[in-house]
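Peer 1: Structure file coords13.pdb (PDB, C-alpha atoms and all ligand atoms) is given on the next line.
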ATOM      1  CA  MET A   1       0.000   0.000   0.000
ATOM      2  CA  VAL A   2       1.247   3.449  -0.904
ATOM      3  CA  LEU A   3       0.040   6.485   1.042
ATOM      4  CA  GLU A   4       2.307   9.380   0.216
ATOM      5  CA  PHE A   5       2.457  13.081  -0.455
ATOM      6  CA  ARG A   6       4.432  13.779  -3.631
ATOM      7  CA  LYS A   7       5.371  17.274  -4.654
ATOM      8  CA  ASP A   8       5.330  18.327  -8.297
ATOM      9  CA  ALA A   9       8.141  20.871  -8.276
ATOM     10  CA  THR A  10       7.138  22.107 -11.748
ATOM     11  CA  LYS A  11       3.751  23.269 -10.485
ATOM     12  CA  ASP A  12       4.480  23.694  -6.798
ATOM     13  CA  SER A  13       1.561  21.394  -6.040
ATOM     14  CA  ILE A  14       1.175  18.278  -3.912
ATOM     15  CA  ALA A  15      -0.533  15.038  -4.934
ATOM     16  CA  ILE A  16      -1.544  12.190  -2.618
ATOM     17  CA  ILE A  17      -0.783   8.739  -3.965
ATOM     18  CA  ALA A  18      -3.314   6.474  -2.192
ATOM     19  CA  ASN A  19      -3.555   3.193  -4.036
ATOM     20  CA  GLU A  20      -6.091   1.585  -1.674
ATOM     21  CA  ARG A  21      -8.739   4.176  -2.559
ATOM     22  CA  SER A  22      -9.775   2.326  -5.704
ATOM     23  CA  LYS A  23     -11.092  -0.502  -3.494
ATOM     24  CA  ARG A  24     -13.825   1.735  -2.064
ATOM     25  CA  PRO A  25     -17.287   0.169  -2.258
ATOM     26  CA  THR A  26     -20.012   2.005  -4.128
ATOM     27  CA  VAL A  27     -23.388   2.111  -2.376
ATOM     28  CA  PHE A  28     -26.134   3.598  -4.526
ATOM     29  CA  GLY A  29     -29.577   2.066  -4.873
ATOM     30  CA  ASP A  30     -30.969  -0.710  -2.697
ATOM     31  CA  LYS A  31     -28.792  -3.609  -3.881
ATOM     32  CA  PHE A  32     -26.251  -3.047  -1.119
ATOM     33  CA  VAL A  33     -26.255  -2.968   2.656
ATOM     34  CA  CYS A  34     -25.403   0.604   3.607
ATOM     35  CA  PRO A  35     -22.493   0.808   6.098
ATOM     36  CA  PHE A  36     -23.669   4.264   7.253
ATOM     37  CA  CYS A  37     -27.155   3.151   8.377
ATOM     38  CA  LYS A  38     -28.183   2.660  11.978
ATOM     39  CA  GLY A  39     -27.498  -0.983  12.828
ATOM     40  CA  SER A  40     -24.397  -1.201  10.576
ATOM     41  CA  GLU A  41     -22.047   0.362  13.152
ATOM     42  CA  SER A  42     -20.089  -2.884  13.578
ATOM     43  CA  THR A  43     -19.135  -2.785   9.881
ATOM     44  CA  THR A  44     -17.342   0.540  10.302
ATOM     45  CA  PRO A  45     -14.514   1.633  12.616
ATOM     46  CA  PRO A  46     -15.693   2.595  16.125
ATOM     47  CA  THR A  47     -17.426   5.895  16.825
ATOM     48  CA  GLU A  48     -15.019   8.761  17.551
ATOM     49  CA  TYR A  49     -17.779  11.200  18.446
ATOM     50  CA  ALA A  50     -21.562  11.216  18.101
ATOM     51  CA  ALA A  51     -24.475  13.546  18.805
ATOM     52  CA  PRO A  52     -26.564  13.638  20.865
ATOM     53  CA  GLU A  53     -24.774  10.526  22.255
ATOM     54  CA  ASP A  54     -23.169   7.279  21.133
ATOM     55  CA  LYS A  55     -26.080   4.804  21.507
ATOM     56  CA  ASN A  56     -28.851   7.024  20.164
ATOM     57  CA  TRP A  57     -26.745   8.818  17.606
ATOM     58  CA  LYS A  58     -28.265  11.105  15.016
ATOM     59  CA  VAL A  59     -24.855  12.190  13.678
ATOM     60  CA  ARG A  60     -21.779   9.963  13.958
ATOM     61  CA  ALA A  61     -18.054  10.386  13.172
ATOM     62  CA  PHE A  62     -15.570   7.555  12.649
ATOM     63  CA  HIS A  63     -12.249   6.876  10.925
ATOM     64  CA  ASN A  64     -12.456   6.581   7.133
ATOM     65  CA  VAL A  65     -11.430   3.017   6.171
ATOM     66  CA  PHE A  66     -10.176   4.348   2.841
ATOM     67  CA  ALA A  67      -8.360   7.324   4.332
ATOM     68  CA  LEU A  68      -6.346   9.711   2.145
ATOM     69  CA  VAL A  69      -3.898  10.204   4.988
ATOM     70  CA  GLY A  70      -2.865   8.175   8.020
ATOM     71  CA  ARG A  71      -0.873   8.074  11.219
ATOM     72  CA  ASP A  72       1.384   5.079  10.519
ATOM     73  CA  GLY A  73       4.386   7.148   9.609
ATOM     74  CA  PRO A  74       5.984  10.534  10.174
ATOM     75  CA  TYR A  75       5.588  13.639   8.065
ATOM     76  CA  VAL A  76       8.908  14.699   6.619
ATOM     77  CA  GLU A  77       8.639  18.315   5.600
ATOM     78  CA  ILE A  78       8.335  18.718   1.860
ATOM     79  CA  SER A  79      10.918  21.156   0.530
ATOM     80  CA  SER A  80      12.958  21.826  -2.576
ATOM     81  CA  ALA A  81      15.349  19.088  -1.455
ATOM     82  CA  ASN A  82      12.652  16.575  -0.504
ATOM     83  CA  ASN A  83       9.617  15.969  -2.687
ATOM     84  CA  GLN A  84       7.901  13.142  -0.808
ATOM     85  CA  SER A  85       6.679  12.094   2.600
ATOM     86  CA  TYR A  86       4.358   9.605   4.212
ATOM     87  CA  ALA A  87       0.860  11.148   3.916
ATOM     88  CA  TYR A  88       0.474  12.023   7.589
ATOM     89  CA  GLY A  89      -2.923  13.185   8.830
ATOM     90  CA  ARG A  90      -6.336  12.054   9.956
ATOM     91  CA  HIS A  91      -9.457  11.381   7.906
ATOM     92  CA  GLU A  92     -12.953  10.710   9.244
ATOM     93  CA  VAL A  93     -16.435  10.261   7.853
ATOM     94  CA  ILE A  94     -19.305  12.184   9.468
ATOM     95  CA  VAL A  95     -22.638  10.439   8.848
ATOM     96  CA  GLU A  96     -25.188  13.241   8.845
ATOM     97  CA  SER A  97     -28.359  11.356   9.676
ATOM     98  CA  ASP A  98     -29.423   8.005  11.112
ATOM     99  CA  LEU A  99     -31.994   7.770   8.317
ATOM    100  CA  HIS A 100     -30.743   6.508   4.949
ATOM    101  CA  GLU A 101     -33.146   8.586   2.851
ATOM    102  CA  GLU A 102     -32.952  11.852   4.775
ATOM    103  CA  LEU A 103     -31.426  14.483   2.533
ATOM    104  CA  TYR A 104     -29.285  17.209   4.028
ATOM    105  CA  HIS A 105     -31.649  19.973   2.975
ATOM    106  CA  GLU A 106     -34.546  18.210   4.713
ATOM    107  CA  SER A 107     -32.821  18.206   8.132
ATOM    108  CA  SER A 108     -34.740  19.538  11.123
ATOM    109  CA  ASP A 109     -33.254  22.353  13.208
ATOM    110  CA  THR A 110     -32.383  19.817  15.913
ATOM    111  CA  GLN A 111     -30.538  17.698  13.352
ATOM    112  CA  LEU A 112     -28.631  20.774  12.094
ATOM    113  CA  LYS A 113     -27.603  21.501  15.668
ATOM    114  CA  PHE A 114     -26.293  17.935  16.170
ATOM    115  CA  LEU A 115     -24.482  18.172  12.859
ATOM    116  CA  PHE A 116     -22.737  21.403  13.738
ATOM    117  CA  ASP A 117     -21.796  19.988  17.134
ATOM    118  CA  VAL A 118     -20.017  17.058  15.449
ATOM    119  CA  TYR A 119     -18.353  19.288  12.810
ATOM    120  CA  LYS A 120     -16.972  21.553  15.512
ATOM    121  CA  ASN A 121     -15.862  18.738  17.802
ATOM    122  CA  ARG A 122     -13.948  16.945  15.035
ATOM    123  CA  PHE A 123     -12.472  20.185  13.681
ATOM    124  CA  GLU A 124     -11.145  21.115  17.118
ATOM    125  CA  GLU A 125      -9.918  17.598  17.827
ATOM    126  CA  PHE A 126      -8.030  17.452  14.502
ATOM    127  CA  MET A 127      -6.516  20.922  15.099
ATOM    128  CA  LYS A 128      -5.021  19.760  18.433
ATOM    129  CA  ASP A 129      -2.335  17.703  16.671
ATOM    130  CA  GLU A 130       0.714  19.978  16.656
ATOM    131  CA  LYS A 131       1.948  18.553  13.349
ATOM    132  CA  ILE A 132      -1.276  19.626  11.605
ATOM    133  CA  LYS A 133      -1.508  22.965   9.791
ATOM    134  CA  TYR A 134      -4.903  22.779   8.077
ATOM    135  CA  VAL A 135      -8.147  20.869   8.712
ATOM    136  CA  HIS A 136     -10.449  20.480   5.721
ATOM    137  CA  LEU A 137     -14.157  19.873   6.283
ATOM    138  CA  PHE A 138     -16.126  19.064   3.148
ATOM    139  CA  LYS A 139     -19.112  17.266   1.733
ATOM    140  CA  ASN A 140     -19.595  15.425  -1.564
ATOM    141  CA  HIS A 141     -23.221  14.875  -2.545
ATOM    142  CA  GLY A 142     -23.980  12.610  -5.505
ATOM    143  CA  ARG A 143     -21.818  10.598  -7.856
ATOM    144  CA  ASN A 144     -20.831  13.552 -10.054
ATOM    145  CA  ALA A 145     -19.473  15.216  -6.918
ATOM    146  CA  GLY A 146     -17.350  12.189  -6.002
ATOM    147  CA  ALA A 147     -19.584  10.529  -3.396
ATOM    148  CA  SER A 148     -19.330   6.737  -3.357
ATOM    149  CA  ILE A 149     -22.127   6.170  -0.815
ATOM    150  CA  GLU A 150     -25.496   7.901  -1.154
ATOM    151  CA  HIS A 151     -26.313   8.078   2.584
ATOM    152  CA  GLU A 152     -25.658  11.753   3.422
ATOM    153  CA  HIS A 153     -22.210  12.313   4.933
ATOM    154  CA  SER A 154     -19.381  14.809   5.213
ATOM    155  CA  GLN A 155     -15.682  14.151   5.613
ATOM    156  CA  ILE A 156     -12.904  15.815   7.514
ATOM    157  CA  VAL A 157      -9.227  15.471   6.687
ATOM    158  CA  SER A 158      -6.132  17.084   8.188
ATOM    159  CA  PHE A 159      -2.892  18.095   6.485
ATOM    160  CA  PRO A 160       0.559  18.873   7.897
ATOM    161  CA  PHE A 161       0.817  21.756   5.393
ATOM    162  CA  VAL A 162      -1.505  24.451   4.062
ATOM    163  CA  PRO A 163      -2.935  23.139   0.752
ATOM    164  CA  GLU A 164      -2.421  25.160  -2.417
ATOM    165  CA  LEU A 165      -5.814  26.920  -2.746
ATOM    166  CA  LEU A 166      -5.874  27.847   0.944
ATOM    167  CA  ARG A 167      -2.299  29.111   0.707
ATOM    168  CA  ARG A 168      -3.407  31.448  -2.069
ATOM    169  CA  GLU A 169      -6.448  32.666  -0.121
ATOM    170  CA  VAL A 170      -4.415  33.230   3.033
ATOM    171  CA  ASP A 171      -1.671  35.091   1.123
ATOM    172  CA  ALA A 172      -4.224  37.283  -0.695
ATOM    173  CA  ALA A 173      -5.985  38.029   2.600
ATOM    174  CA  LYS A 174      -2.629  38.869   4.190
ATOM    175  CA  SER A 175      -1.622  41.403   1.566
ATOM    176  CA  ALA A 176      -5.080  43.017   1.724
ATOM    177  CA  ARG A 177      -4.695  43.279   5.512
ATOM    178  CA  GLU A 178      -1.370  45.029   5.073
ATOM    179  CA  ASN A 179      -3.394  47.720   3.318
ATOM    180  CA  GLY A 180      -5.865  47.787   6.192
ATOM    181  CA  LYS A 181      -8.570  45.755   4.455
ATOM    182  CA  CYS A 182     -10.211  42.355   4.796
ATOM    183  CA  LEU A 183     -10.769  40.776   1.373
ATOM    184  CA  PHE A 184     -13.908  39.008   2.508
ATOM    185  CA  CYS A 185     -15.448  41.901   4.425
ATOM    186  CA  GLU A 186     -14.825  43.920   1.270
ATOM    187  CA  LEU A 187     -16.224  41.163  -0.935
ATOM    188  CA  LEU A 188     -19.600  41.480   0.773
ATOM    189  CA  SER A 189     -19.888  45.096  -0.316
ATOM    190  CA  LYS A 190     -18.342  44.564  -3.773
ATOM    191  CA  GLU A 191     -20.698  41.686  -4.527
ATOM    192  CA  SER A 192     -23.745  43.290  -2.907
ATOM    193  CA  GLU A 193     -25.717  43.004  -6.142
ATOM    194  CA  ASN A 194     -25.131  39.263  -6.219
ATOM    195  CA  VAL A 195     -26.809  38.354  -2.952
ATOM    196  CA  LEU A 196     -28.917  35.218  -3.252
ATOM    197  CA  LEU A 197     -30.127  35.028   0.351
ATOM    198  CA  GLU A 198     -29.165  36.525   3.669
ATOM    199  CA  ASN A 199     -30.063  36.672   7.320
ATOM    200  CA  GLU A 200     -28.822  39.085   9.965
ATOM    201  CA  LEU A 201     -25.514  37.236  10.457
ATOM    202  CA  PHE A 202     -24.637  35.577   7.119
ATOM    203  CA  THR A 203     -24.831  36.408   3.424
ATOM    204  CA  ALA A 204     -25.062  33.920   0.536
ATOM    205  CA  ILE A 205     -23.751  35.302  -2.752
ATOM    206  CA  CYS A 206     -23.262  34.008  -6.279
ATOM    207  CA  PRO A 207     -19.784  35.520  -6.825
ATOM    208  CA  SER A 208     -19.135  37.369 -10.106
ATOM    209  CA  PHE A 209     -15.925  35.291 -10.463
ATOM    210  CA  SER A 210     -17.552  31.870  -9.828
ATOM    211  CA  ARG A 211     -15.750  28.841 -11.240
ATOM    212  CA  PHE A 212     -18.886  26.671 -11.328
ATOM    213  CA  ALA A 213     -22.366  27.304 -12.743
ATOM    214  CA  ASN A 214     -24.697  28.229  -9.839
ATOM    215  CA  GLU A 215     -21.774  28.515  -7.373
ATOM    216  CA  ILE A 216     -22.652  29.998  -3.964
ATOM    217  CA  TRP A 217     -20.486  31.352  -1.134
ATOM    218  CA  ILE A 218     -21.769  31.785   2.409
ATOM    219  CA  VAL A 219     -19.863  34.469   4.302
ATOM    220  CA  PRO A 220     -20.365  35.569   7.920
ATOM    221  CA  LYS A 221     -20.948  39.322   8.190
ATOM    222  CA  ALA A 222     -18.675  39.416  11.236
ATOM    223  CA  HIS A 223     -14.925  38.840  10.756
ATOM    224  CA  ILE A 224     -14.790  35.263  12.044
ATOM    225  CA  LYS A 225     -11.726  33.036  11.585
ATOM    226  CA  SER A 226     -13.110  29.526  11.955
ATOM    227  CA  ILE A 227     -16.121  27.459  12.954
ATOM    228  CA  SER A 228     -14.625  27.336  16.455
ATOM    229  CA  ASP A 229     -15.319  31.046  16.836
ATOM    230  CA  LEU A 230     -19.020  30.914  15.972
ATOM    231  CA  ASN A 231     -21.426  31.451  18.856
ATOM    232  CA  GLU A 232     -24.625  29.426  19.148
ATOM    233  CA  GLU A 233     -26.720  32.039  17.375
ATOM    234  CA  GLN A 234     -24.254  32.274  14.501
ATOM    235  CA  GLU A 235     -24.064  28.462  14.201
ATOM    236  CA  MET A 236     -27.783  28.108  13.632
ATOM    237  CA  HIS A 237     -27.981  31.083  11.291
ATOM    238  CA  MET A 238     -25.216  29.534   9.208
ATOM    239  CA  MET A 239     -26.654  26.018   9.150
ATOM    240  CA  LYS A 240     -30.137  27.208   8.217
ATOM    241  CA  LEU A 241     -28.840  29.397   5.406
ATOM    242  CA  LEU A 242     -26.659  26.530   4.146
ATOM    243  CA  LYS A 243     -29.657  24.200   4.207
ATOM    244  CA  GLU A 244     -31.726  26.616   2.110
ATOM    245  CA  CYS A 245     -28.876  27.152  -0.386
ATOM    246  CA  LEU A 246     -28.425  23.388  -0.764
ATOM    247  CA  ARG A 247     -32.153  22.858  -1.194
ATOM    248  CA  ARG A 248     -32.045  25.182  -4.181
ATOM    249  CA  VAL A 249     -28.829  23.729  -5.605
ATOM    250  CA  HIS A 250     -30.216  20.215  -5.238
ATOM    251  CA  PHE A 251     -33.396  21.220  -7.039
ATOM    252  CA  VAL A 252     -31.403  22.642  -9.960
ATOM    253  CA  VAL A 253     -28.400  20.293 -10.373
ATOM    254  CA  LYS A 254     -28.586  17.460  -7.757
ATOM    255  CA  ASP A 255     -24.838  16.920  -7.235
ATOM    256  CA  TYR A 256     -22.633  19.329  -5.326
ATOM    257  CA  ASN A 257     -19.570  19.799  -3.113
ATOM    258  CA  VAL A 258     -19.487  21.968  -0.008
ATOM    259  CA  VAL A 259     -16.121  23.124   1.383
ATOM    260  CA  TYR A 260     -15.484  25.005   4.613
ATOM    261  CA  HIS A 261     -12.544  27.400   4.388
ATOM    262  CA  ASN A 262     -11.331  27.871   7.943
ATOM    263  CA  SER A 263      -8.134  29.681   8.906
ATOM    264  CA  PRO A 264      -5.083  27.414   8.884
ATOM    265  CA  LYS A 265      -3.307  27.098  12.218
ATOM    266  CA  GLY A 266      -1.602  30.346  13.212
ATOM    267  CA  GLU A 267      -2.906  32.196  10.139
ATOM    268  CA  GLU A 268      -5.866  34.421   9.438
ATOM    269  CA  LEU A 269      -8.633  33.915   6.914
ATOM    270  CA  HIS A 270     -12.201  35.254   7.109
ATOM    271  CA  PHE A 271     -14.087  31.966   7.416
ATOM    272  CA  HIS A 272     -16.514  31.117   4.596
ATOM    273  CA  ILE A 273     -18.274  28.223   2.885
ATOM    274  CA  GLU A 274     -18.045  27.573  -0.865
ATOM    275  CA  ILE A 275     -20.684  25.458  -2.648
ATOM    276  CA  TYR A 276     -19.769  23.954  -6.018
ATOM    277  CA  PRO A 277     -22.753  22.556  -7.972
ATOM    278  CA  ARG A 278     -21.477  19.863 -10.336
ATOM    279  CA  SER A 279     -23.213  20.003 -13.672
ATOM    280  CA  GLY A 280     -20.229  19.893 -16.007
ATOM    281  CA  TYR A 281     -16.683  18.622 -16.333
ATOM    282  CA  TRP A 282     -13.381  20.432 -16.256
ATOM    283  CA  ALA A 283     -11.539  19.717 -19.486
ATOM    284  CA  GLY A 284      -8.378  20.668 -21.382
ATOM    285  CA  VAL A 285      -8.435  24.394 -20.643
ATOM    286  CA  GLU A 286      -9.266  24.027 -16.943
ATOM    287  CA  LEU A 287      -6.965  21.070 -16.335
ATOM    288  CA  GLY A 288      -4.113  22.297 -18.513
ATOM    289  CA  THR A 289      -4.050  25.992 -17.618
ATOM    290  CA  GLY A 290      -5.962  26.502 -14.367
ATOM    291  CA  VAL A 291      -8.247  28.973 -16.191
ATOM    292  CA  ILE A 292     -11.797  27.868 -15.467
ATOM    293  CA  VAL A 293     -14.549  28.268 -18.044
ATOM    294  CA  ASN A 294     -17.890  28.782 -16.292
ATOM    295  CA  PRO A 295     -20.772  28.436 -18.768
ATOM    296  CA  LYS A 296     -23.170  30.466 -16.606
ATOM    297  CA  SER A 297     -22.911  34.061 -15.378
ATOM    298  CA  GLU A 298     -23.668  34.963 -11.774
ATOM    299  CA  LYS A 299     -26.711  36.940 -12.926
ATOM    300  CA  ASP A 300     -28.160  33.864 -14.650
ATOM    301  CA  ALA A 301     -27.293  31.758 -11.594
ATOM    302  CA  LEU A 302     -29.147  34.222  -9.360
ATOM    303  CA  THR A 303     -32.189  34.088 -11.648
ATOM    304  CA  THR A 304     -32.174  30.275 -11.596
ATOM    305  CA  LEU A 305     -31.611  29.895  -7.856
ATOM    306  CA  LYS A 306     -34.021  32.654  -6.832
ATOM    307  CA  ALA A 307     -36.773  31.022  -8.912
ATOM    308  CA  VAL A 308     -36.640  27.756  -6.917
ATOM    309  CA  LYS A 309     -39.764  27.650  -4.795
TER     310      LYS A 309
HETATM  311 ZN    ZN B 401     -27.695   4.259   4.845
HETATM  312 ZN    ZN B 402     -13.226  39.986   7.354
HETATM  313 ZN    ZN B 403     -12.355  30.029   0.028
END
Rewrite the structure of this file - the entire thing - as structure tokens.
Ligand SMILES: [Zn+2]
Ligand SMILES: [Zn+2]
Ligand SMILES: [Zn+2]
Peer 2:
Amino acid sequence: MVLEFRKDATKDSIAIIANERSKRPTVFGDKFVCPFCKGSESTTPPTEYAAPEDKNWKVRAFHNVFALVGRDGPYVEISSANNQSYAYGRHEVIVESDLHEELYHESSDTQLKFLFDVYKNRFEEFMKDEKIKYVHLFKNHGRNAGASIEHEHSQIVSFPFVPELLRREVDAAKSARENGKCLFCELLSKESENVLLENELFTAICPSFSRFANEIWIVPKAHIKSISDLNEEQEMHMMKLLKECLRRVHFVVKDYNVVYHNSPKGEELHFHIEIYPRSGYWAGVELGTGVIVNPKSEKDALTTLKAVK
């Protein structure tokens, strides 16, 4: 088994070689026994954390059997002299409901509260490891978004370095701060015509520079650095707005990814959520140049998403 970080010095990017991943089971439809359902707990690794509690769980976190990273070896810092290391980190699955059919955007407020509790607990637990620099919380919904099991779930994975896209966001935020500005606080005023939905604490926008058709960002109005800093009122405002955004995305395109961009350890980023609806494929231009062709403008996305009843 190979589980390694490998640096491509020509692009200054890091790949994970994880050759066990291809053995992942696919669970869609009713032909298979779902390992995420209540009653299947013995077929997965033991519970790491559950809400409201282990026996009567509604949301449950456990180690990902097909983890992208592991703790069986040390991380050797990747540098110009060293382009590989054991892929050190932690990777868990967060099952978002005890009911197989319950879709994320149908969750009750109580369920959203349990969900946030587990997100926050795992995020904080993963951040405690001193070797870890960034903890990535994300969700893949549907096959076109990379999900291999249909039962709603999120994943959380930690890295001993700040991944490329986050590095760019943190660096951009840092240079804006040197000029006395916060990029994201400023974004909310710059993109004020592209607001899809908002409540008193959070704004959901379809950014003018979206990479995906119908892309949505959820940004707290207060300058908050990570989900650890949200108070109870902010948590629920965020989860309810996310639920409504995903209801609309699901109605329009079905498959989507949600990523939570928290500040890396010791660095500052205005926390936000990015939602990528997955209706198309990246091809030669996107993959070969990094320039993304989005076939839908933010204005058209707003029209589509606002029309969902
Ligand atoms: Zn299930
Ligand atoms: Zn800010
Ligand atoms: Zn971001």
Peer 1: So which one's closest to A:Arg278, A:Ala213, A:Leu187, A:Asp300, A:Met238? Using only C-alpha atoms, please.
Peer 2: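 Comparing A:Ala213, A:Leu187, A:Asp300, A:Met238 against A:Arg278, the winner is A:Ala213.
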Peer 1: Show me which residues are within 9 Å of ligand ZN 403 (chain B) counting only C-alpha atoms and all ligand atoms, and format the list as a list in words.
Peer 2: Leu165, Leu166, Glu169, Trp217, Val259, Tyr260, His261, Asn262, Leu269, His270, Phe271, His272, Ile273 and Glu274 of chain A
Peer 1: Please write out the residues within 12 Å of ligand ZN 402 (chain B) as a list of chain:residue names, counting only C-alpha atoms and all ligand atoms.
Peer 2: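 Every residue with an atom at most 12 Å from ligand ZN 402 (chain B) is listed here: A:Val170, A:Ala173, A:Lys174, A:Ala176, A:Arg177, A:Gly180, A:Lys181, A:Cys182, A:Leu183, A:Phe184, A:Cys185, A:Glu186, A:Leu187, A:Leu188, A:Ser189, A:Val219, A:Pro220, A:Lys221, A:Ala222, A:His223, A:Ile224, A:Lys225, A:Ser226, A:Ser263, A:Glu268, A:Leu269, A:His270, A:Phe271, A:His272.
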Peer 1: Using all atoms listed in the file, determine which residues fall within 7 Å of ligand ZN 401 (chain B), then list them as a PyMOL selection string.
Peer 2: chain A and resi 34-37+99-100+151
Peer 1: Work out how far apart atom CA of A:Val76 and atom CA of A:Arg122 are and give it in Å to one decimal.
Peer 2: 24.5 Å
Peer 1: Here's the selection I'm unsure about, the PyMOL selection byres (((chain A and resi 41) around 12) and not hetatm); applied to the file above, which residues does it give, as a list in words?
Peer 2: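 When the PyMOL selection byres (((chain A and resi 41) around 12) and not hetatm) is applied, the selected residues are Val33, Cys34, Pro35, Phe36, Cys37, Lys38, Gly39, Ser40, Ser42, Thr43, Thr44, Pro45, Pro46, Thr47, Glu48, Ala50, Asp54, Lys55, Asn56, Trp57, Arg60, Ala61, Phe62, His63, Val95 and Asp98 of chain A.
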Peer 1: Run the PyMOL selection byres (((chain A and resi 13) around 12) and not hetatm) against the file shown and list the residues it catches, as a list in words.
Peer 2: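 Matching residues under the PyMOL selection byres (((chain A and resi 13) around 12) and not hetatm) are Phe5, Arg6, Lys7, Asp8, Ala9, Thr10, Lys11, Asp12, Ile14, Ala15, Ile16, Ile78, Ser79, Ser80, Asn83, Gln84, Phe161, Val162, Pro163, Glu164, Leu165, Arg167 and Arg168 of chain A.
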Peer 1: Select, from A:Leu112, A:Leu201, A:Ile218, A:Ala87, the residue with the minimum atom-to-atom distance to A:Gln234, counting all atoms listed in the file.
Peer 2: A:Leu201
Peer 1: Quick one: of A:Glu152, A:Asp117, A:Asp129, A:Asp171, who's nearest to A:Tyr256, counting all atoms listed in the file?
Peer 2: A:Glu152
Peer 1: Written as a JSON list (two decimals) with C-alpha atoms, keeping the file's coordinate frame, what is the full residue list that the PyMOL selection byres (((chain A and resi 296) around 10) and not hetatm) yields on the file shown?
Peer 2:
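Final output, selection-v7.json:
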[["chain", "number", "residue", "atom", "x", "y", "z"],
["A", 210, "SER", "CA", -17.55, 31.87, -9.83],
["A", 211, "ARG", "CA", -15.75, 28.84, -11.24],
["A", 212, "PHE", "CA", -18.89, 26.67, -11.33],
["A", 213, "ALA", "CA", -22.37, 27.30, -12.74],
["A", 214, "ASN", "CA", -24.70, 28.23, -9.84],
["A", 215, "GLU", "CA", -21.77, 28.52, -7.37],
["A", 293, "VAL", "CA", -14.55, 28.27, -18.04],
["A", 294, "ASN", "CA", -17.89, 28.78, -16.29],
["A", 295, "PRO", "CA", -20.77, 28.44, -18.77],
["A", 297, "SER", "CA", -22.91, 34.06, -15.38],
["A", 298, "GLU", "CA", -23.67, 34.96, -11.77],
["A", 299, "LYS", "CA", -26.71, 36.94, -12.93],
["A", 300, "ASP", "CA", -28.16, 33.86, -14.65],
["A", 301, "ALA", "CA", -27.29, 31.76, -11.59]]
Peer 1: Which residue is closest to A:Glu150? Choose from A:Val135, A:Asp255, A:Gly89, A:Ile227 and count only C-alpha atoms.
Peer 2: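 Of all the options, A:Asp255 lies closest to A:Glu150.
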Peer 1: Please determine, counting only C-alpha atoms, which residue among A:Lys309, A:His237, A:His136, A:Lys190 has the shortest atom-to-atom distance to A:Val258.
Peer 2: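 Smallest distance to A:Val258 is found for A:His136.
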Peer 1: Have a look at atom CA of A:Tyr49 and atom CA of A:Glu92 and let me know their distance in Å, one decimal.
Peer 2: 10.4 Å
Peer 1: Quick one: distance from atom CA of A:Glu53 to atom CA of A:Phe114 in Å, one decimal?
Peer 2: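 For atom CA of A:Glu53 relative to atom CA of A:Phe114, the distance reads 9.7 Å.
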Peer 1: Counting all atoms listed in the file, which residue out of A:Met1, A:Ala145, A:Leu196, A:Val69 sits closest to A:Tyr276?
Peer 2: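 Ranking A:Met1, A:Ala145, A:Leu196, A:Val69 by distance to A:Tyr276, first place goes to A:Ala145.
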Peer 1: Near A:Phe126, counting only C-alpha atoms, which residues have an atom at most 12 Å away, once you skip same-chain residues fewer than 3 positions from it, shown as a PDB file with C-alpha atoms, in the coordinates of the input?
Peer 2:
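In the end it all went to out.pdb:
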ATOM      1  CA  GLU A  48     -15.019   8.761  17.551  1.00  0.00           C
ATOM      2  CA  HIS A  63     -12.249   6.876  10.925  1.00  0.00           C
ATOM      3  CA  GLY A  89      -2.923  13.185   8.830  1.00  0.00           C
ATOM      4  CA  ARG A  90      -6.336  12.054   9.956  1.00  0.00           C
ATOM      5  CA  HIS A  91      -9.457  11.381   7.906  1.00  0.00           C
ATOM      6  CA  GLU A  92     -12.953  10.710   9.244  1.00  0.00           C
ATOM      7  CA  TYR A 119     -18.353  19.288  12.810  1.00  0.00           C
ATOM      8  CA  LYS A 120     -16.972  21.553  15.512  1.00  0.00           C
ATOM      9  CA  ASN A 121     -15.862  18.738  17.802  1.00  0.00           C
ATOM     10  CA  ARG A 122     -13.948  16.945  15.035  1.00  0.00           C
ATOM     11  CA  PHE A 123     -12.472  20.185  13.681  1.00  0.00           C
ATOM     12  CA  ASP A 129      -2.335  17.703  16.671  1.00  0.00           C
ATOM     13  CA  GLU A 130       0.714  19.978  16.656  1.00  0.00           C
ATOM     14  CA  LYS A 131       1.948  18.553  13.349  1.00  0.00           C
ATOM     15  CA  ILE A 132      -1.276  19.626  11.605  1.00  0.00           C
ATOM     16  CA  LYS A 133      -1.508  22.965   9.791  1.00  0.00           C
ATOM     17  CA  TYR A 134      -4.903  22.779   8.077  1.00  0.00           C
ATOM     18  CA  VAL A 135      -8.147  20.869   8.712  1.00  0.00           C
ATOM     19  CA  HIS A 136     -10.449  20.480   5.721  1.00  0.00           C
ATOM     20  CA  LEU A 137     -14.157  19.873   6.283  1.00  0.00           C
ATOM     21  CA  ILE A 156     -12.904  15.815   7.514  1.00  0.00           C
ATOM     22  CA  VAL A 157      -9.227  15.471   6.687  1.00  0.00           C
ATOM     23  CA  SER A 158      -6.132  17.084   8.188  1.00  0.00           C
ATOM     24  CA  PHE A 159      -2.892  18.095   6.485  1.00  0.00           C
ATOM     25  CA  PRO A 160       0.559  18.873   7.897  1.00  0.00           C
ATOM     26  CA  PRO A 264      -5.083  27.414   8.884  1.00  0.00           C
ATOM     27  CA  LYS A 265      -3.307  27.098  12.218  1.00  0.00           C
TER      28      LYS A 265
END
Peer 1: Quick one: residues within 12 Å of A:Lys306, all atoms listed in the file counted, chain neighbours fewer than 2 positions away excluded, as a PyMOL selection string?
Peer 2: chain A and resi 194-197+204-206+214+244-245+247-249+251-252+298-304+308-309
Peer 1: Using all atoms listed in the file, which protein or nucleic acid residues come within 7 Å of A:Ser97? Drop anything in the same chain fewer than 3 positions from it, and give the result as an MDAnalysis selection string.
Peer 2: chainID A and resid 58:59 102 152
